[in-house]
>>> print(open('target.cif').read())   # mmCIF, C-alpha atoms and all ligand atoms
data_entry
loop_
_atom_site.label_atom_id
_atom_site.label_comp_id
_atom_site.auth_asym_id
_atom_site.auth_seq_id
_atom_site.Cartn_x
_atom_site.Cartn_y
_atom_site.Cartn_z
CA MET A 1 19.92 14.19 -4.77
CA LEU A 2 16.62 13.91 -6.62
CA THR A 3 14.17 16.78 -6.87
CA GLN A 4 10.48 16.40 -5.99
CA THR A 5 9.64 16.75 -9.69
CA GLU A 6 11.97 13.86 -10.51
CA LEU A 7 10.54 11.72 -7.70
CA LEU A 8 6.99 12.43 -8.86
CA THR A 9 7.76 10.82 -12.22
CA LYS A 10 7.90 7.64 -10.05
CA LYS A 11 10.73 6.02 -11.96
CA GLY A 12 11.15 2.57 -10.39
CA GLU A 13 14.79 2.95 -9.37
CA HIS A 14 14.16 6.38 -7.75
CA ILE A 15 11.24 4.98 -5.75
CA GLN A 16 13.37 2.00 -4.69
CA GLN A 17 16.18 4.30 -3.54
CA MET A 18 13.81 6.61 -1.69
CA PHE A 19 12.13 3.78 0.24
CA GLY A 20 15.50 2.13 0.83
CA SER A 21 16.67 5.36 2.48
CA ILE A 22 13.81 5.40 5.02
CA ALA A 23 13.28 1.65 5.51
CA SER A 24 14.97 1.49 8.93
CA VAL A 25 12.67 4.16 10.42
CA TYR A 26 9.60 3.41 8.30
CA ASP A 27 7.57 1.64 11.01
CA LEU A 28 8.45 4.17 13.69
CA LEU A 29 7.44 7.08 11.47
CA ASN A 30 4.22 5.35 10.40
CA THR A 31 3.16 5.01 14.02
CA LEU A 32 4.27 8.52 14.95
CA LEU A 33 3.00 10.48 11.96
CA SER A 34 -0.34 8.67 11.73
CA LEU A 35 -0.81 8.86 15.53
CA ASN A 36 -0.97 5.05 15.42
CA PHE A 37 -4.09 5.12 13.19
CA ASP A 38 -2.29 3.15 10.44
CA LYS A 39 -2.85 -0.18 12.19
CA SER A 40 -6.62 0.31 12.42
CA TRP A 41 -6.74 1.36 8.74
CA ARG A 42 -5.04 -1.88 7.64
CA LYS A 43 -7.26 -3.91 9.97
CA PHE A 44 -10.34 -2.32 8.44
CA ALA A 45 -9.07 -3.00 4.91
CA VAL A 46 -8.75 -6.68 5.82
CA LYS A 47 -12.25 -6.67 7.30
CA VAL A 48 -13.86 -5.40 4.10
CA SER A 49 -11.83 -7.71 1.83
CA ASN A 50 -14.26 -10.59 1.94
CA VAL A 51 -11.38 -12.88 2.80
CA THR A 52 -12.59 -16.45 3.32
CA PRO A 53 -10.89 -19.26 5.30
CA GLY A 54 -8.26 -20.97 3.18
CA ALA A 55 -7.87 -17.96 0.88
CA LYS A 56 -4.62 -17.16 -0.89
CA VAL A 57 -3.76 -13.48 -0.34
CA LEU A 58 -1.08 -11.33 -1.96
CA ASP A 59 -0.01 -8.02 -0.38
CA VAL A 60 1.88 -6.06 -3.06
CA CYS A 61 4.19 -3.16 -2.11
CA THR A 62 4.24 -4.87 1.29
CA GLY A 63 7.03 -2.71 2.75
CA THR A 64 7.76 -4.12 6.20
CA GLY A 65 4.84 -6.55 5.86
CA ASP A 66 2.14 -5.03 8.09
CA LEU A 67 -0.84 -5.61 5.78
CA ALA A 68 0.30 -9.20 5.13
CA ILE A 69 0.49 -9.70 8.91
CA ALA A 70 -3.03 -8.29 9.34
CA TYR A 71 -4.37 -10.77 6.74
CA SER A 72 -2.50 -13.64 8.36
CA LYS A 73 -4.14 -12.87 11.73
CA VAL A 74 -7.59 -13.22 10.17
CA LEU A 75 -6.68 -16.40 8.28
CA ASN A 76 -5.34 -17.80 11.52
CA GLY A 77 -2.95 -20.33 10.00
CA GLY A 78 -5.21 -21.32 7.09
CA GLY A 79 -4.73 -20.27 3.49
CA LYS A 80 -1.58 -18.58 2.32
CA VAL A 81 -0.26 -15.02 2.59
CA ILE A 82 2.53 -13.63 0.43
CA GLY A 83 4.01 -10.12 0.59
CA SER A 84 5.98 -8.68 -2.31
CA ASP A 85 8.02 -5.50 -2.72
CA PHE A 86 10.76 -4.31 -5.06
CA CYS A 87 12.80 -2.51 -2.38
CA HIS A 88 15.47 -4.86 -1.06
CA GLU A 89 15.80 -3.05 2.31
CA MET A 90 12.05 -3.28 2.94
CA VAL A 91 11.93 -7.00 2.06
CA LYS A 92 14.83 -7.62 4.43
CA LEU A 93 13.06 -5.81 7.26
CA ALA A 94 9.78 -7.62 6.56
CA ASP A 95 11.61 -10.93 6.68
CA HIS A 96 13.26 -9.98 9.99
CA LYS A 97 9.91 -8.89 11.46
CA LEU A 98 8.23 -12.17 10.46
CA ARG A 99 11.01 -14.19 12.09
CA LYS A 100 10.77 -12.11 15.27
CA LYS A 101 7.01 -12.60 15.41
CA ASN A 102 7.28 -16.31 14.58
CA LEU A 103 5.26 -15.78 11.43
CA SER A 104 7.76 -17.01 8.85
CA ASN A 105 5.83 -20.26 8.49
CA LYS A 106 2.61 -18.35 7.77
CA ILE A 107 3.77 -15.51 5.52
CA GLU A 108 6.26 -15.51 2.69
CA VAL A 109 7.96 -12.31 1.51
CA LEU A 110 9.70 -11.89 -1.78
CA GLY A 111 11.21 -9.25 -4.01
CA ALA A 112 8.96 -8.38 -6.97
CA ASP A 113 7.88 -5.38 -9.01
CA THR A 114 4.11 -4.87 -8.81
CA LEU A 115 4.16 -4.18 -12.54
CA HIS A 116 5.51 -7.70 -13.21
CA LEU A 117 4.28 -10.09 -10.55
CA PRO A 118 5.82 -13.58 -10.68
CA PHE A 119 2.50 -15.40 -10.31
CA GLN A 120 0.16 -17.18 -12.67
CA ASP A 121 -3.21 -15.72 -13.70
CA ASN A 122 -6.17 -16.11 -11.31
CA TYR A 123 -4.04 -17.52 -8.44
CA PHE A 124 -5.11 -15.40 -5.43
CA GLN A 125 -8.53 -14.82 -3.88
CA VAL A 126 -7.42 -11.39 -2.65
CA SER A 127 -4.73 -9.06 -3.92
CA ALA A 128 -4.24 -6.03 -1.73
CA VAL A 129 -2.06 -2.98 -1.35
CA ALA A 130 -1.66 -0.38 1.41
CA PHE A 131 -0.08 3.00 0.63
CA GLY A 132 1.81 1.44 -2.26
CA ILE A 133 -0.05 1.77 -5.55
CA ARG A 134 0.36 5.59 -5.49
CA ASN A 135 4.10 5.03 -5.94
CA VAL A 136 3.86 2.70 -8.92
CA SER A 137 4.93 4.47 -12.10
CA ASP A 138 1.94 3.27 -14.14
CA LEU A 139 -1.16 3.17 -11.93
CA ARG A 140 -3.39 1.45 -14.47
CA ALA A 141 -0.79 -1.21 -15.29
CA GLY A 142 -0.25 -1.83 -11.56
CA ILE A 143 -3.96 -2.36 -10.91
CA ALA A 144 -4.28 -4.49 -14.07
CA GLU A 145 -1.44 -6.71 -12.83
CA MET A 146 -3.21 -7.13 -9.46
CA VAL A 147 -6.40 -8.04 -11.33
CA ARG A 148 -4.54 -10.55 -13.52
CA ILE A 149 -3.31 -12.64 -10.59
CA THR A 150 -6.70 -12.50 -8.81
CA ALA A 151 -9.20 -15.33 -9.33
CA PRO A 152 -12.61 -14.58 -10.87
CA GLY A 153 -14.92 -13.58 -8.02
CA GLY A 154 -11.89 -12.52 -5.92
CA ARG A 155 -11.20 -9.03 -4.56
CA VAL A 156 -8.67 -6.32 -5.30
CA VAL A 157 -8.23 -4.06 -2.27
CA ILE A 158 -6.54 -0.66 -2.28
CA LEU A 159 -5.89 1.29 0.95
CA GLU A 160 -4.56 4.72 0.12
CA PHE A 161 -4.34 8.27 1.46
CA SER A 162 -7.13 10.49 0.18
CA GLN A 163 -8.35 14.02 0.51
CA PRO A 164 -10.69 14.81 3.43
CA THR A 165 -14.05 16.24 2.39
CA ASN A 166 -14.95 18.43 5.40
CA PRO A 167 -13.49 21.90 4.55
CA LEU A 168 -12.56 22.85 8.14
CA PHE A 169 -10.95 19.50 8.92
CA LYS A 170 -9.23 19.54 5.53
CA ALA A 171 -7.64 22.96 6.27
CA ILE A 172 -6.30 21.81 9.66
CA TYR A 173 -5.17 18.43 8.35
CA TYR A 174 -3.44 19.93 5.31
CA PHE A 175 -1.45 22.29 7.53
CA TYR A 176 -0.16 19.21 9.36
CA PHE A 177 0.20 17.06 6.23
CA LYS A 178 1.96 19.64 4.04
CA LYS A 179 3.98 21.59 6.64
CA ILE A 180 4.57 19.60 9.85
CA LEU A 181 4.79 16.02 8.57
CA PRO A 182 7.56 16.72 6.01
CA LEU A 183 9.61 18.51 8.69
CA LEU A 184 9.24 15.73 11.26
CA GLY A 185 9.85 13.08 8.61
CA LYS A 186 13.03 14.78 7.43
CA LEU A 187 14.34 15.32 10.96
CA ILE A 188 13.82 11.73 12.04
CA SER A 189 14.57 9.83 8.82
CA ARG A 190 17.45 12.07 7.66
CA SER A 191 16.59 10.82 4.16
CA LYS A 192 18.33 12.82 1.47
CA TYR A 193 15.39 12.09 -0.81
CA ASN A 194 12.87 14.13 1.23
CA ALA A 195 10.52 11.15 1.23
CA TYR A 196 8.16 12.92 3.60
CA SER A 197 7.77 15.90 1.24
CA TYR A 198 7.13 13.45 -1.58
CA LEU A 199 4.34 11.88 0.51
CA PRO A 200 1.91 14.88 0.49
CA SER A 201 2.90 15.81 -3.08
CA SER A 202 2.16 12.31 -4.34
CA VAL A 203 -1.17 12.17 -2.47
CA LEU A 204 -2.28 15.54 -3.86
CA THR A 205 -1.50 14.48 -7.43
CA PHE A 206 -3.13 11.04 -7.08
CA PRO A 207 -6.68 10.49 -8.47
CA ASP A 208 -9.47 11.27 -6.00
CA ARG A 209 -11.69 8.46 -4.65
CA TYR A 210 -14.01 8.55 -7.68
CA GLY A 211 -11.12 8.76 -10.14
CA LEU A 212 -9.54 5.70 -8.54
CA LYS A 213 -12.85 3.83 -8.65
CA LYS A 214 -13.08 4.57 -12.40
CA LYS A 215 -9.52 3.40 -12.92
CA MET A 216 -10.29 0.12 -11.12
CA GLU A 217 -13.41 -0.38 -13.22
CA SER A 218 -11.42 0.24 -16.38
CA CYS A 219 -9.16 -2.64 -15.29
CA GLY A 220 -12.09 -5.06 -15.21
CA LEU A 221 -13.24 -4.71 -11.59
CA ALA A 222 -16.93 -4.55 -10.81
CA ASP A 223 -19.01 -3.49 -7.82
CA VAL A 224 -16.20 -1.21 -6.57
CA LYS A 225 -17.00 -0.09 -3.02
CA ILE A 226 -15.45 2.93 -1.34
CA PHE A 227 -14.88 3.13 2.43
CA SER A 228 -13.57 6.37 3.91
CA ARG A 229 -11.88 6.34 7.33
CA THR A 230 -10.77 9.00 9.80
CA MET A 231 -12.58 11.94 8.18
CA GLY A 232 -11.44 10.82 4.73
CA ILE A 233 -7.68 10.86 5.45
CA VAL A 234 -7.61 7.38 3.94
CA THR A 235 -9.93 5.46 1.65
CA ILE A 236 -10.27 1.76 0.98
CA HIS A 237 -11.49 0.64 -2.43
CA VAL A 238 -12.64 -2.94 -2.86
CA GLY A 239 -13.40 -4.25 -6.35
CA LYS A 240 -14.57 -7.67 -7.46
CA LYS A 241 -13.00 -9.45 -10.42
CA SER A 242 -15.75 -10.45 -12.75
CA CYS A 243 -16.52 -14.19 -13.05
CA LYS A 244 -16.95 -13.98 -16.84
C1 LIG B 301 4.57 3.62 1.66
S1 LIG B 301 5.24 2.05 1.56
C2 LIG B 301 3.89 1.02 2.05
C3 LIG B 301 4.34 -0.20 2.78
C4 LIG B 301 3.23 -1.06 3.39
N1 LIG B 301 2.34 -1.57 2.40
C5 LIG B 301 2.45 -0.37 4.48
O1 LIG B 301 1.25 -0.58 4.58
O2 LIG B 301 3.07 0.36 5.28
C6 LIG B 301 5.29 1.78 -0.17
C7 LIG B 301 6.04 0.53 -0.58
O3 LIG B 301 5.75 0.29 -1.97
C8 LIG B 301 6.90 -0.24 -2.57
N2 LIG B 301 6.78 -0.06 -4.03
C9 LIG B 301 6.59 1.08 -4.71
N3 LIG B 301 6.52 0.84 -6.03
C10 LIG B 301 6.64 -0.50 -6.18
C11 LIG B 301 6.64 -1.38 -7.30
N4 LIG B 301 6.50 -0.93 -8.54
N5 LIG B 301 6.78 -2.70 -7.09
C12 LIG B 301 6.95 -3.19 -5.83
N6 LIG B 301 6.99 -2.41 -4.72
C13 LIG B 301 6.83 -1.09 -4.89
C14 LIG B 301 8.03 0.52 -1.93
O4 LIG B 301 9.26 -0.16 -2.06
C15 LIG B 301 7.54 0.62 -0.48
O5 LIG B 301 8.03 -0.43 0.30
#
>>> encode(input="target.cif", output="structure tokens", more="lines below")
Ligand SMILES: C[S@@+](CC[C@H](N)C(=O)[O-])C[C@H]1O[C@@H](n2cnc3c(N)ncnc32)[C@H](O)[C@@H]1O
Amino acid sequence: MLTQTELLTKKGEHIQQMFGSIASVYDLLNTLLSLNFDKSWRKFAVKVSNVTPGAKVLDVCTGTGDLAIAYSKVLNGGGKVIGSDFCHEMVKLADHKLRKKNLSNKIEVLGADTLHLPFQDNYFQVSAVAFGIRNVSDLRAGIAEMVRITAPGGRVVILEFSQPTNPLFKAIYYFYFKKILPLLGKLISRSKYNAYSYLPSSVLTFPDRYGLKKKMESCGLADVKIFSRTMGIVTIHVGKKSCK
């Protein structure tokens, strides 16, 4: 059994084991614990991605594939959508979901570490991630790898939990996020890794919206825009890869 301190070092194999342990209930808990807001957050991230017809899109840390599916809906059969994740159980579930939804011909899922993506430079018009980059052991290297495989002029999109700015809302939300959510998550998932205690801890130790913007800029992204949703519970950052 790993401690929270050990999990927060974000060693790849620990993160893989933790997500493997909750994969079967991941979608259910997403819907329940976010009060179904998660779908609208992904949809909004797609909307602000500047995705054009025929675009090639990569969703890293795809989990069960929901962001990839949201992109595929907008591309409507054109272009190409790939989802990648290094957790075998998640990839298996994503694959199963795509078959069930008859989307296997539109979206490809594969096993890959976001720190070492098996794609050539400048291949995708959009590389995106939802609730994943926070778990990558080296944040800067993860973003840099997303930038590498994105074409000049393309977008890197990061949807992530953030810290609400309104003090009253923040106090109420944090009571839920730090006390109730871990309890519900533990009860339902029965994960021995306490993945739902790791969730608030990892969000609270993640760079704030301006810190993340700086990090993206330091990886070569320009014109980084920040969109806050649902009182700042989540934030979407969109950066453009320079054409130079
Ligand atoms: C919280 S889930 C997010 C899943 C999905 N993107 C969503 O919107 O629900 C985080 C996912 O990131 C994956 N992940 C974390 N670190 C990774 C890495 N270095 N390479 C690939 N996948 C990673 C985990 O396996 C997990 O499936």
>>> closest_atom_pairs(input="target.cif", of="chain A", to="ligand LIG 301 (chain B)", cutoff="6 Å", atoms="only C-alpha atoms and all ligand atoms", output="CSV")
residue,atom,partner,partner_atom,distance
A:Gln16,CA,B:LIG301,O4,5.3
A:Phe19,CA,B:LIG301,O4,5.4
A:Cys61,CA,B:LIG301,O3,3.8
A:Thr62,CA,B:LIG301,N1,4.0
A:Gly63,CA,B:LIG301,O5,3.5
A:Asp66,CA,B:LIG301,O1,5.7
A:Leu67,CA,B:LIG301,O1,5.6
A:Asp85,CA,B:LIG301,N6,3.8
A:Phe86,CA,B:LIG301,C12,4.0
A:Cys87,CA,B:LIG301,O4,4.3
A:Met90,CA,B:LIG301,O5,5.6
A:Ala112,CA,B:LIG301,C12,5.7
A:Asp113,CA,B:LIG301,N5,3.5
A:Thr114,CA,B:LIG301,N5,3.8
A:Leu115,CA,B:LIG301,N4,5.7
A:Val129,CA,B:LIG301,N1,6.0
A:Ala130,CA,B:LIG301,N1,4.3
A:Phe131,CA,B:LIG301,C2,4.7
A:Gly132,CA,B:LIG301,C6,4.1
A:Asn135,CA,B:LIG301,C9,4.8
A:Val136,CA,B:LIG301,N3,4.3
>>> atom_distance(input="target.cif", atom1="CA of Val91 (chain A)", atom2="CA of Val126 (chain A)")
20.4 Å
>>> atom_distance(input="target.cif", atom1="CA of Leu75 (chain A)", atom2="CA of Ser242 (chain A)")
23.7 Å
>>> atom_distance(input="target.cif", atom1="CA of Val25 (chain A)", atom2="CA of Ser191 (chain A)")
9.9 Å
>>> residues_around(input="target.cif", residues="Gly77 (chain A)", least_positions_apart="4", cutoff="8 Å", atoms="only C-alpha atoms", output="compact mmCIF listing (two decimals) with C-alpha atoms, keeping the file's coordinate frame")
# COMPACT_ATOMS: atom_id res chain seq x y z
CA SER A 72 -2.50 -13.64 8.36
CA LYS A 73 -4.14 -12.87 11.73
CA LYS A 106 2.61 -18.35 7.77
>>> closest_residue(input="target.cif", among="A:Ile180, A:Ala55, A:Ala195, A:Leu117", to="Ile22 (chain A)", atoms="only C-alpha atoms")
A:Ala195
>>> closest_residue(input="target.cif", among="A:Lys215, A:Thr235, A:Thr52, A:Thr165", to="Asp138 (chain A)", atoms="all atoms listed in the file")
A:Lys215
>>> residues_around(input="target.cif", residues="Ser228 (chain A)", least_positions_apart="3", cutoff="12 Å", atoms="only C-alpha atoms", output="PDB file with C-alpha atoms, in the frame of the given file")
ATOM      1  CA  TRP A  41      -6.740   1.360   8.740  1.00  0.00           C
ATOM      2  CA  PHE A  44     -10.340  -2.320   8.440  1.00  0.00           C
ATOM      3  CA  ALA A  45      -9.070  -3.000   4.910  1.00  0.00           C
ATOM      4  CA  VAL A  48     -13.860  -5.400   4.100  1.00  0.00           C
ATOM      5  CA  ILE A 158      -6.540  -0.660  -2.280  1.00  0.00           C
ATOM      6  CA  LEU A 159      -5.890   1.290   0.950  1.00  0.00           C
ATOM      7  CA  GLU A 160      -4.560   4.720   0.120  1.00  0.00           C
ATOM      8  CA  PHE A 161      -4.340   8.270   1.460  1.00  0.00           C
ATOM      9  CA  SER A 162      -7.130  10.490   0.180  1.00  0.00           C
ATOM     10  CA  GLN A 163      -8.350  14.020   0.510  1.00  0.00           C
ATOM     11  CA  PRO A 164     -10.690  14.810   3.430  1.00  0.00           C
ATOM     12  CA  THR A 165     -14.050  16.240   2.390  1.00  0.00           C
ATOM     13  CA  ASP A 208      -9.470  11.270  -6.000  1.00  0.00           C
ATOM     14  CA  ARG A 209     -11.690   8.460  -4.650  1.00  0.00           C
ATOM     15  CA  TYR A 210     -14.010   8.550  -7.680  1.00  0.00           C
ATOM     16  CA  LYS A 225     -17.000  -0.090  -3.020  1.00  0.00           C
ATOM     17  CA  MET A 231     -12.580  11.940   8.180  1.00  0.00           C
ATOM     18  CA  GLY A 232     -11.440  10.820   4.730  1.00  0.00           C
ATOM     19  CA  ILE A 233      -7.680  10.860   5.450  1.00  0.00           C
ATOM     20  CA  VAL A 234      -7.610   7.380   3.940  1.00  0.00           C
ATOM     21  CA  THR A 235      -9.930   5.460   1.650  1.00  0.00           C
ATOM     22  CA  ILE A 236     -10.270   1.760   0.980  1.00  0.00           C
ATOM     23  CA  HIS A 237     -11.490   0.640  -2.430  1.00  0.00           C
ATOM     24  CA  VAL A 238     -12.640  -2.940  -2.860  1.00  0.00           C
TER      25      VAL A 238
END
>>> residues_around(input="target.cif", residues="Asn36 (chain A)", least_positions_apart="6", cutoff="12 Å", atoms="all atoms listed in the file", output="ChimeraX atom specification")
/A:27-30,42,230
>>> closest_residue(input="target.cif", among="A:Asp223, A:Asp121, A:Glu13, A:Asp59", to="Val147 (chain A)", atoms="all atoms listed in the file")
A:Asp121
>>> closest_residue(input="target.cif", among="A:Val157, A:Thr31, A:Tyr196, A:Asp38", to="Ile226 (chain A)", atoms="only C-alpha atoms")
A:Val157
>>> residues_around(input="target.cif", residues="Ser137 (chain A)", least_positions_apart="4", cutoff="10 Å", atoms="all atoms listed in the file", output="list in words")
Leu8, Thr9, Lys10, Lys11, Gly12, Ile15, Thr114, Leu115, Ile133, Ala141 and Gly142 of chain A
>>> closest_residue(input="target.cif", among="A:Leu139, A:Ala23, A:Ala128, A:Val81", to="Pro53 (chain A)", atoms="all atoms listed in the file")
A:Val81
>>> residues_around(input="target.cif", residues="Gln125 (chain A)", least_positions_apart="4", cutoff="9 Å", atoms="only C-alpha atoms", output="PDB file with C-alpha atoms, in the frame of the given file")
ATOM      1  CA  VAL A  51     -11.380 -12.880   2.800  1.00  0.00           C
ATOM      2  CA  THR A  52     -12.590 -16.450   3.320  1.00  0.00           C
ATOM      3  CA  ALA A  55      -7.870 -17.960   0.880  1.00  0.00           C
ATOM      4  CA  LYS A  56      -4.620 -17.160  -0.890  1.00  0.00           C
ATOM      5  CA  VAL A  57      -3.760 -13.480  -0.340  1.00  0.00           C
ATOM      6  CA  LEU A  58      -1.080 -11.330  -1.960  1.00  0.00           C
ATOM      7  CA  ILE A 149      -3.310 -12.640 -10.590  1.00  0.00           C
ATOM      8  CA  THR A 150      -6.700 -12.500  -8.810  1.00  0.00           C
ATOM      9  CA  ALA A 151      -9.200 -15.330  -9.330  1.00  0.00           C
ATOM     10  CA  PRO A 152     -12.610 -14.580 -10.870  1.00  0.00           C
ATOM     11  CA  GLY A 153     -14.920 -13.580  -8.020  1.00  0.00           C
ATOM     12  CA  GLY A 154     -11.890 -12.520  -5.920  1.00  0.00           C
ATOM     13  CA  ARG A 155     -11.200  -9.030  -4.560  1.00  0.00           C
ATOM     14  CA  VAL A 156      -8.670  -6.320  -5.300  1.00  0.00           C
TER      15      VAL A 156
END
>>> residues_near_point(input="target.cif", point="(3.8, -16.9, 7.0)", cutoff="8 Å", atoms="all atoms listed in the file", output="list of chain:residue names")
A:Ser72, A:Lys80, A:Val81, A:Ile82, A:Leu98, A:Leu103, A:Ser104, A:Asn105, A:Lys106, A:Ile107, A:Glu108
>>> closest_residue(input="target.cif", among="A:Lys213, A:Leu204, A:Gly220, A:Asn166", to="Glu145 (chain A)", atoms="only C-alpha atoms")
A:Gly220
